[in-house]
$ cat final.txt   # compact mmCIF, C-alpha atoms and all ligand atoms
# COMPACT_ATOMS: atom_id res chain seq x y z
CA MET N 1430 0.00 0.00 0.00
CA ILE N 1431 1.26 3.47 -0.93
CA ASN N 1432 0.32 6.23 1.49
CA LEU N 1433 -0.37 9.45 -0.37
CA GLY N 1434 0.22 12.99 0.84
CA ILE N 1435 -0.88 15.90 -1.36
CA LEU N 1436 0.53 19.40 -1.04
CA ILE N 1437 -1.50 22.33 -2.33
CA SER N 1438 -1.55 26.12 -2.20
CA GLY N 1439 -4.80 27.06 -3.93
CA ARG N 1440 -7.71 25.75 -5.96
CA GLY N 1441 -6.78 22.09 -5.67
CA SER N 1442 -8.33 20.85 -8.92
CA ASN N 1443 -5.43 18.48 -9.59
CA MET N 1444 -5.75 17.15 -6.06
CA GLU N 1445 -9.45 16.60 -6.75
CA SER N 1446 -8.70 14.74 -9.98
CA ILE N 1447 -6.38 12.36 -8.09
CA LEU N 1448 -8.85 11.86 -5.23
CA ASN N 1449 -11.71 11.21 -7.68
CA PHE N 1450 -9.59 8.72 -9.56
CA LEU N 1451 -8.79 6.85 -6.34
CA LYS N 1452 -12.41 6.98 -5.24
CA GLU N 1453 -13.50 5.40 -8.52
CA GLY N 1454 -11.39 2.41 -7.49
CA GLU N 1455 -9.12 2.45 -10.56
CA VAL N 1456 -6.20 1.97 -8.18
CA THR N 1457 -6.71 0.13 -4.94
CA ASP N 1458 -3.25 0.22 -3.40
CA VAL N 1459 -2.95 3.99 -2.93
CA CYS N 1460 -4.45 5.44 0.23
CA PRO N 1461 -4.81 9.24 0.49
CA LYS N 1462 -3.75 10.13 4.03
CA ILE N 1463 -3.33 13.89 4.27
CA VAL N 1464 -3.69 17.11 2.27
CA ILE N 1465 -1.37 19.90 3.42
CA SER N 1466 -1.77 23.49 2.31
CA SER N 1467 0.80 26.27 2.47
CA LYS N 1468 -2.09 28.76 2.53
CA PRO N 1469 -4.94 28.82 5.07
CA GLU N 1470 -7.35 30.25 2.48
CA ALA N 1471 -6.69 27.56 -0.16
CA GLU N 1472 -9.96 26.47 -1.79
CA GLY N 1473 -8.59 22.95 -2.06
CA LEU N 1474 -8.86 22.44 1.70
CA LYS N 1475 -12.67 22.35 1.58
CA LYS N 1476 -12.57 20.03 -1.41
CA ALA N 1477 -10.27 17.62 0.47
CA SER N 1478 -12.59 17.62 3.47
CA LYS N 1479 -15.50 16.64 1.19
CA PHE N 1480 -13.54 13.50 0.37
CA GLY N 1481 -13.07 12.91 4.09
CA ILE N 1482 -9.31 13.38 3.88
CA PRO N 1483 -7.60 15.04 6.86
CA THR N 1484 -6.13 18.45 6.11
CA SER N 1485 -3.41 20.52 7.67
CA ILE N 1486 -2.07 24.03 7.13
CA VAL N 1487 1.60 24.90 7.37
CA SER N 1488 1.76 28.63 6.93
CA ASN N 1489 4.56 29.81 9.18
CA ASN N 1490 7.06 32.36 7.94
CA LEU N 1491 10.01 30.02 7.96
CA LYS N 1492 12.09 29.17 4.92
CA GLY N 1493 13.88 26.15 3.52
CA TRP N 1494 14.21 23.11 5.75
CA ASP N 1495 12.90 25.05 8.78
CA TYR N 1496 9.57 25.22 6.94
CA ASP N 1497 9.76 21.82 5.27
CA GLU N 1498 10.55 20.07 8.52
CA GLU N 1499 7.02 20.88 9.64
CA ILE N 1500 5.66 19.48 6.38
CA VAL N 1501 7.69 16.30 6.82
CA ASN N 1502 6.57 15.96 10.44
CA THR N 1503 2.96 16.30 9.32
CA LEU N 1504 3.42 13.74 6.53
CA GLN N 1505 4.98 11.30 8.98
CA LYS N 1506 2.25 11.88 11.53
CA TYR N 1507 -0.11 10.53 8.85
CA ASN N 1508 2.25 7.67 8.00
CA VAL N 1509 3.44 9.09 4.67
CA ASN N 1510 7.06 8.04 5.01
CA PRO N 1511 10.05 7.72 2.66
CA ASP N 1512 9.60 3.93 2.52
CA ASN N 1513 5.84 3.74 1.93
CA GLY N 1514 4.79 7.17 0.75
CA LEU N 1515 4.17 9.26 -2.33
CA VAL N 1516 3.97 13.05 -2.11
CA CYS N 1517 2.11 14.81 -4.93
CA LEU N 1518 2.60 18.53 -5.36
CA ALA N 1519 -0.63 19.85 -6.85
CA GLY N 1520 -0.42 23.57 -7.44
CA TYR N 1521 1.97 23.82 -4.50
CA MET N 1522 3.69 27.14 -4.91
CA ARG N 1523 6.83 26.67 -2.82
CA LEU N 1524 10.27 25.40 -3.67
CA LEU N 1525 11.24 22.33 -1.71
CA SER N 1526 14.41 22.27 0.37
CA ARG N 1527 17.25 19.92 -0.52
CA GLU N 1528 16.66 18.03 2.74
CA PHE N 1529 13.01 17.29 1.93
CA VAL N 1530 13.83 16.22 -1.63
CA ARG N 1531 16.65 13.94 -0.47
CA LYS N 1532 14.52 12.36 2.26
CA TYR N 1533 11.74 11.43 -0.19
CA LYS N 1534 14.02 10.72 -3.15
CA MET N 1535 11.97 9.94 -6.29
CA ARG N 1536 8.85 9.84 -4.16
CA ILE N 1537 7.75 13.41 -4.78
CA MET N 1538 5.92 14.27 -8.01
CA ASN N 1539 4.93 17.65 -9.40
CA ILE N 1540 2.60 18.76 -12.17
CA HIS N 1541 3.60 21.72 -14.28
CA PRO N 1542 1.56 23.54 -16.97
CA SER N 1543 4.10 23.43 -19.81
CA LEU N 1544 6.13 20.93 -21.76
CA LEU N 1545 9.25 21.04 -19.61
CA PRO N 1546 12.06 21.97 -19.96
CA SER N 1547 10.27 24.85 -21.70
CA PHE N 1548 8.80 27.54 -19.46
CA PRO N 1549 9.64 26.43 -15.92
CA GLY N 1550 8.63 28.59 -12.94
CA LEU N 1551 5.58 30.79 -12.70
CA ASN N 1552 3.08 31.87 -15.40
CA SER N 1553 4.12 29.17 -17.83
CA GLN N 1554 0.98 29.48 -19.93
CA LYS N 1555 1.65 33.22 -20.44
CA LYS N 1556 5.29 32.53 -21.26
CA ALA N 1557 4.18 30.02 -23.91
CA LEU N 1558 1.72 32.51 -25.43
CA ASP N 1559 4.25 35.35 -25.40
CA TYR N 1560 6.90 33.16 -26.97
CA GLY N 1561 4.55 32.17 -29.77
CA VAL N 1562 4.90 28.41 -29.50
CA LYS N 1563 2.32 26.40 -31.45
CA VAL N 1564 2.23 23.51 -29.00
CA THR N 1565 2.46 23.51 -25.23
CA GLY N 1566 1.02 21.19 -22.60
CA CYS N 1567 1.72 19.76 -19.18
CA THR N 1568 4.35 17.65 -17.50
CA VAL N 1569 4.46 15.37 -14.48
CA HIS N 1570 7.98 14.91 -13.15
CA PHE N 1571 9.80 13.67 -10.09
CA VAL N 1572 11.05 16.53 -7.96
CA ASP N 1573 14.77 17.08 -7.67
CA GLU N 1574 16.66 19.94 -6.09
CA GLY N 1575 16.14 22.33 -9.02
CA LEU N 1576 13.16 24.33 -10.27
CA ASP N 1577 10.84 22.08 -12.31
CA SER N 1578 13.93 20.18 -13.40
CA GLY N 1579 13.47 16.59 -12.20
CA PRO N 1580 13.14 13.47 -14.37
CA ILE N 1581 10.06 13.64 -16.58
CA ILE N 1582 7.46 10.91 -16.04
CA ALA N 1583 4.90 11.87 -18.71
CA GLN N 1584 3.63 14.79 -20.77
CA ARG N 1585 0.50 15.70 -22.72
CA GLN N 1586 0.42 18.25 -25.46
CA VAL N 1587 -2.04 21.05 -26.18
CA ALA N 1588 -2.20 23.08 -29.40
CA VAL N 1589 -2.00 26.85 -29.00
CA LEU N 1590 -4.79 28.50 -31.00
CA GLU N 1591 -4.48 31.89 -32.70
CA ASN N 1592 -7.15 33.51 -30.55
CA ASP N 1593 -6.06 31.90 -27.27
CA THR N 1594 -5.95 34.02 -24.14
CA TYR N 1595 -4.16 33.11 -20.93
CA GLU N 1596 -7.49 31.80 -19.59
CA THR N 1597 -8.55 29.72 -22.59
CA LEU N 1598 -5.12 28.14 -22.95
CA SER N 1599 -4.80 27.49 -19.20
CA ASP N 1600 -8.24 25.81 -19.18
CA ARG N 1601 -7.33 23.44 -22.00
CA ILE N 1602 -3.99 22.59 -20.36
CA LEU N 1603 -5.76 21.98 -17.04
CA GLU N 1604 -8.11 19.46 -18.70
CA GLN N 1605 -5.04 17.51 -19.78
CA GLU N 1606 -3.43 17.86 -16.33
CA HIS N 1607 -6.46 16.16 -14.80
CA ILE N 1608 -5.93 13.15 -17.07
CA LEU N 1609 -2.15 13.06 -16.75
CA TYR N 1610 -1.61 13.28 -13.00
CA PRO N 1611 -3.82 10.36 -11.90
CA SER N 1612 -2.28 8.19 -14.61
CA CYS N 1613 1.19 8.89 -13.19
CA VAL N 1614 0.05 8.06 -9.65
CA LYS N 1615 -1.23 4.76 -11.05
CA LEU N 1616 2.09 3.99 -12.76
CA PHE N 1617 3.94 4.77 -9.52
CA SER N 1618 1.66 2.50 -7.50
CA GLU N 1619 2.22 -0.29 -9.99
CA LYS N 1620 5.99 0.19 -9.51
CA ARG N 1621 6.33 0.73 -13.25
CA LEU N 1622 8.53 3.84 -13.06
CA LEU N 1623 12.21 3.08 -13.29
CA VAL N 1624 14.48 6.10 -12.93
CA GLU N 1625 17.83 5.91 -14.70
CA GLY N 1626 19.65 9.22 -14.41
CA ARG N 1627 17.43 11.81 -16.06
CA LYS N 1628 15.26 9.22 -17.73
CA VAL N 1629 12.11 7.66 -16.38
CA ILE N 1630 11.47 4.33 -18.05
CA VAL N 1631 7.89 3.11 -17.95
CA THR N 1632 8.10 -0.66 -17.65
C1 LIG Y 1 -2.01 23.93 -12.25
O1 LIG Y 1 -2.14 24.45 -13.54
C2 LIG Y 1 -0.60 23.42 -12.04
O2 LIG Y 1 -0.05 22.82 -13.15
C3 LIG Y 1 0.13 24.70 -11.71
O3 LIG Y 1 -0.76 25.42 -10.91
C4 LIG Y 1 -2.10 25.06 -11.22
C5 LIG Y 1 -2.75 24.58 -9.95
O4 LIG Y 1 -4.11 24.33 -10.14
N1 LIG Y 1 1.35 24.43 -11.05
C6 LIG Y 1 2.42 25.17 -11.21
O5 LIG Y 1 2.48 26.15 -11.92
C7 LIG Y 1 3.63 24.71 -10.41
N2 LIG Y 1 4.81 25.32 -10.91
P1 LIG Y 1 -4.91 23.46 -9.09
O6 LIG Y 1 -4.63 24.06 -7.72
O7 LIG Y 1 -6.32 23.64 -9.49
O8 LIG Y 1 -4.44 22.04 -9.19
$ encode --input "final.txt" --output "structure tokens"
Amino acid sequence: MINLGILISGRGSNMESILNFLKEGEVTDVCPKIVISSKPEAEGLKKASKFGIPTSIVSNNLKGWDYDEEIVNTLQKYNVNPDNGLVCLAGYMRLLSREFVRKYKMRIMNIHPSLLPSFPGLNSQKKALDYGVKVTGCTVHFVDEGLDSGPIIAQRQVAVLENDTYETLSDRILEQEHILYPSCVKLFSEKRLLVEGRKVIVT
């Protein structure tokens, strides 16, 4: 059994897509244990409670490991540990400390609204529009010590239309995110993700 912790900062629609997927029984060996938010006002907290998942807020003013230590303590309180856990970042708007990443090596996933390595960081959909790319999309990757730079698990592409705005493009990418993220959780639970250097091989 994989114990799942989800970290959010806002709306929590990706979290919801994962929780719905698990509820539908597509995957039976992943148990959602805790949703942690970096923001007390995050909409996702209410959504998590509707699923009956415990929630916690870590919103102190600390930085780096001083902050992350509280996250790790909370994860471990709910039995999401480096040997049995998976941590999904779902719109979690903080950089993780080296200590956290090393502790949960290749057990932390993130979803990002671009085809990495293009447009890492914030406002990726706007960066894609401004750059004039014809295709963008979303990426799920393991988290390493860099910014959106860890080994890529899977990606889905989205065409950029001539009349796209930030909102219309973001909406179409989000639809794909909601398909992609649960599928990666499933692959992880089936132990089908083999990481060799930068490459993730799906077995
Ligand atoms: C999603 O588009 C996600 O890819 C993005 O924030 C949004 C969160 O939405 N994440 C990042 O930009 C991380 N760098 P959600 O809270 O509804 O899942």
$ residues_around --input "final.txt" --residues "Asn1489 of chain N" --least-positions-apart "5" --cutoff "10 Å" --atoms "only C-alpha atoms" --output "list in words"
Ser1467, Lys1468, Asp1495, Tyr1496 and Glu1499 of chain N
$ atom_distance --input "final.txt" --atom1 "atom CA of Glu1453 of chain N" --atom2 "atom CA of Asn1432 of chain N"
17.1 Å
$ closest_residue --input "final.txt" --among "N:Leu1616, N:Arg1531, N:Pro1611, N:Glu1625" --to "Leu1451 of chain N" --atoms "only C-alpha atoms"
N:Pro1611
$ closest_residue --input "final.txt" --among "N:Asn1513, N:Ser1547, N:Ser1485, N:Thr1568" --to "Ile1500 of chain N" --atoms "all atoms listed in the file"
N:Ser1485
$ residues_near_ligand --input "final.txt" --ligand "ligand LIG 1 (chain Y)" --cutoff "10 Å" --atoms "only C-alpha atoms and all ligand atoms" --output "PyMOL selection string"
chain N and resi 1436-1447+1471-1473+1518-1524+1539-1543+1548-1554+1566-1569+1576-1577+1599-1607+1610
$ build_atoms --input "final.txt" --residues "segment 1464-1484 of chain N" --atoms "N, CA and C atoms" --output "mmCIF file, keeping the file's coordinate frame"
data_model
loop_
_atom_site.group_PDB
_atom_site.id
_atom_site.type_symbol
_atom_site.label_atom_id
_atom_site.label_comp_id
_atom_site.auth_asym_id
_atom_site.auth_seq_id
_atom_site.Cartn_x
_atom_site.Cartn_y
_atom_site.Cartn_z
ATOM 1 N N VAL N 1464 -3.885 15.984 3.199
ATOM 2 C CA VAL N 1464 -3.690 17.110 2.270
ATOM 3 C C VAL N 1464 -3.146 18.267 3.101
ATOM 4 N N ILE N 1465 -2.000 18.790 2.692
ATOM 5 C CA ILE N 1465 -1.370 19.900 3.420
ATOM 6 C C ILE N 1465 -1.353 21.124 2.526
ATOM 7 N N SER N 1466 -1.780 22.249 3.081
ATOM 8 C CA SER N 1466 -1.770 23.490 2.310
ATOM 9 C C SER N 1466 -0.774 24.486 2.903
ATOM 10 N N SER N 1467 -0.109 25.209 2.010
ATOM 11 C CA SER N 1467 0.800 26.270 2.470
ATOM 12 C C SER N 1467 0.020 27.566 2.722
ATOM 13 N N LYS N 1468 -1.278 27.555 2.341
ATOM 14 C CA LYS N 1468 -2.090 28.760 2.530
ATOM 15 C C LYS N 1468 -3.380 28.416 3.250
ATOM 16 N N PRO N 1469 -3.711 29.156 4.328
ATOM 17 C CA PRO N 1469 -4.940 28.820 5.070
ATOM 18 C C PRO N 1469 -6.198 29.019 4.229
ATOM 19 N N GLU N 1470 -6.143 29.935 3.249
ATOM 20 C CA GLU N 1470 -7.350 30.250 2.480
ATOM 21 C C GLU N 1470 -7.517 29.354 1.234
ATOM 22 N N ALA N 1471 -6.641 28.387 1.059
ATOM 23 C CA ALA N 1471 -6.690 27.560 -0.160
ATOM 24 C C ALA N 1471 -8.054 26.887 -0.313
ATOM 25 N N GLU N 1472 -8.652 27.095 -1.483
ATOM 26 C CA GLU N 1472 -9.960 26.470 -1.790
ATOM 27 C C GLU N 1472 -9.896 24.953 -1.711
ATOM 28 N N GLY N 1473 -8.756 24.409 -2.031
ATOM 29 C CA GLY N 1473 -8.590 22.950 -2.060
ATOM 30 C C GLY N 1473 -8.830 22.286 -0.717
ATOM 31 N N LEU N 1474 -8.675 23.030 0.370
ATOM 32 C CA LEU N 1474 -8.860 22.440 1.700
ATOM 33 C C LEU N 1474 -10.284 21.933 1.883
ATOM 34 N N LYS N 1475 -11.247 22.752 1.442
ATOM 35 C CA LYS N 1475 -12.670 22.350 1.580
ATOM 36 C C LYS N 1475 -12.939 21.136 0.706
ATOM 37 N N LYS N 1476 -12.359 21.157 -0.494
ATOM 38 C CA LYS N 1476 -12.570 20.030 -1.410
ATOM 39 C C LYS N 1476 -12.035 18.738 -0.791
ATOM 40 N N ALA N 1477 -10.858 18.826 -0.150
ATOM 41 C CA ALA N 1477 -10.270 17.620 0.470
ATOM 42 C C ALA N 1477 -11.177 17.101 1.572
ATOM 43 N N SER N 1478 -11.722 18.033 2.357
ATOM 44 C CA SER N 1478 -12.590 17.620 3.470
ATOM 45 C C SER N 1478 -13.828 16.891 2.946
ATOM 46 N N LYS N 1479 -14.334 17.321 1.778
ATOM 47 C CA LYS N 1479 -15.500 16.640 1.190
ATOM 48 C C LYS N 1479 -15.200 15.189 0.881
ATOM 49 N N PHE N 1480 -13.943 14.896 0.608
ATOM 50 C CA PHE N 1480 -13.540 13.500 0.370
ATOM 51 C C PHE N 1480 -13.263 12.772 1.688
ATOM 52 N N GLY N 1481 -13.346 13.521 2.787
ATOM 53 C CA GLY N 1481 -13.070 12.910 4.090
ATOM 54 C C GLY N 1481 -11.586 12.739 4.365
ATOM 55 N N ILE N 1482 -10.764 13.492 3.663
ATOM 56 C CA ILE N 1482 -9.310 13.380 3.880
ATOM 57 C C ILE N 1482 -8.889 14.434 4.902
ATOM 58 N N PRO N 1483 -8.094 14.044 5.901
ATOM 59 C CA PRO N 1483 -7.600 15.040 6.860
ATOM 60 C C PRO N 1483 -6.789 16.131 6.165
ATOM 61 N N THR N 1484 -6.889 17.339 6.694
ATOM 62 C CA THR N 1484 -6.130 18.450 6.110
ATOM 63 C C THR N 1484 -5.301 19.125 7.194
#
